[in-house]
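The structure appears below as structure tokens.
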Amino acid sequence: MTRIITILGYLLDGLAAVGLVIVAKLKSDKVASFGELLDPVMASRAARVTIVLFWWWLGWHFLVVPPEDG
Amino acid sequence: MTDERRVRDRQVSRRRTNGFLRVVSPWTIILIITGCFHLYRGAIADGVIFLTVAVALIADAVGVLRFDRALSPGRPPRVVLAVAAAVVGVPLLLAPLFGIVDLFVLLAVGVATLVIAWPDSSLATGDSDAARAPARRRAAVLWAWVALAFCIWELAAYLVGRPSAAAEYAFPPLSDLLDPAVASPFWRIILVAGWLAGGAALLRPGKHP
């Protein structure tokens, strides 16, 4: 049961992200799209490098590091 | 304490805070926290990577390192990104998972993206239409909540599931749920394609209405 609740938590968060994308499409005057949000954020080097590093780490984590190592 | 003294102390404190944030931005703090967490969970390489980049950003902010003087490749053209994605994607799909090929490809991608992302002239569009500020602020708050909720949930699952294999099964971190999918060729194609598309989008920030 706790496993299902844990998985549901991830699913809900994913659904919230999808919902935000849809709301940004339908109500673009109220909520900016993720891309539009990123534009000014990417003006800062620290933000840019951090975001790119997190993206890179996803590939590193799933393709290079075997599951038993974390 | 006089009012004048209190105001002066407040100004000094604000200057110190601003000076600290100029050197150690909130983004750098996120990298430091992430790096420390990776060290705590025993992922030494991951921790070292995050902390090294954090140190590089701090060194850059205090003027010790000026990488951008040497590096300024600019925004990569779409065709270059498409070719690079193919060159990177094929070995990632064909080589054995967790093998030496994946390791070298990921290291090369990491260095290349850092070289592209570092200079301010490369990806910094700095678009800031004032009329869109409220919509952007609202989106920032909402996305921050989604990201924060994910981090708290993932962290809680990791900590609660830490004591035993049974506990980890009951409270699985997201990686445990996704790892079996990565092992399947079909889902690996989806993961690699999605990952490369995300990277290409980050390296070519566009204009938005």
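All residue names refer to the structure tokens as shown: chains lettered A, B, ... in order, residues numbered from 1 in each chain, ligands numbered from 1 in order.
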So that I can see what lies close to Pro66 in chain A, please list as a ChimeraX atom specification the residues with an atom at most 9 Å from it, counting only C-alpha atoms and leaving out residues fewer than 4 positions away in the same chain. /A:61-62,70 /B:97-98,179
Could you list, as a CSV table (one decimal) with C-alpha atoms, in the first residue's frame, the residues of chain A having an atom within 8 Å of chain B when counting only C-alpha atoms?
```
chain,number,residue,atom,x,y,z
A,1,MET,CA,0.0,0.0,0.0
A,2,THR,CA,2.8,2.5,0.9
A,3,ARG,CA,4.5,1.6,-2.4
A,6,THR,CA,4.6,6.6,-3.1
A,7,ILE,CA,4.2,5.9,-6.8
A,9,GLY,CA,2.9,10.9,-5.4
A,10,TYR,CA,5.3,10.8,-8.3
A,13,ASP,CA,3.6,15.6,-9.4
A,16,ALA,CA,0.8,18.7,-12.1
A,17,ALA,CA,3.7,19.5,-14.4
A,20,LEU,CA,0.9,23.5,-15.9
A,28,SER,CA,-0.9,32.2,-21.9
A,29,ASP,CA,-1.9,35.7,-20.7
A,30,LYS,CA,-2.1,34.4,-17.1
A,31,VAL,CA,0.7,31.8,-17.0
A,32,ALA,CA,3.9,31.9,-19.0
A,33,SER,CA,5.1,28.8,-20.7
A,34,PHE,CA,8.1,26.9,-19.3
A,35,GLY,CA,10.2,28.1,-22.3
A,36,GLU,CA,9.3,31.7,-21.7
A,37,LEU,CA,10.1,31.4,-18.0
A,38,LEU,CA,13.5,30.0,-18.8
A,39,ASP,CA,14.5,32.8,-21.2
A,40,PRO,CA,15.2,35.5,-18.5
A,41,VAL,CA,16.4,32.8,-16.0
A,42,MET,CA,19.1,31.7,-18.5
A,43,ALA,CA,20.6,35.2,-18.5
A,44,SER,CA,22.3,34.3,-15.2
A,45,ARG,CA,25.4,32.2,-15.6
A,46,ALA,CA,24.8,30.3,-12.3
A,47,ALA,CA,21.2,29.5,-13.3
A,48,ARG,CA,22.2,28.5,-16.8
A,49,VAL,CA,25.1,26.2,-15.7
A,50,THR,CA,23.0,24.7,-12.9
A,52,VAL,CA,22.3,22.4,-17.9
A,53,LEU,CA,24.1,20.4,-15.2
A,55,TRP,CA,19.8,18.0,-17.4
A,56,TRP,CA,23.2,16.3,-18.0
A,58,LEU,CA,19.8,12.8,-15.7
A,59,GLY,CA,21.7,11.1,-18.6
A,60,TRP,CA,24.6,10.4,-16.4
A,62,PHE,CA,20.3,6.6,-15.9
A,63,LEU,CA,22.9,5.6,-18.6
A,64,VAL,CA,26.2,5.5,-16.8
A,65,VAL,CA,25.6,4.7,-13.1
A,66,PRO,CA,24.4,1.1,-12.5
A,67,PRO,CA,21.3,1.0,-10.2
A,69,ASP,CA,25.6,2.2,-7.2
A,70,GLY,CA,22.8,4.7,-6.8
```
Separating CA of Ser184 in chain B from CA of Ala95 in chain B, to the nearest tenth of an Å, is a gap of 13.2 Å
Expected answer as an NGL selection string: helix (DSSP H, G or I) residues in range 23-146 of chain B: :B and (23 or 26-40 or 44-61 or 67-70 or 78-94 or 100-117 or 120-123 or 130-146)
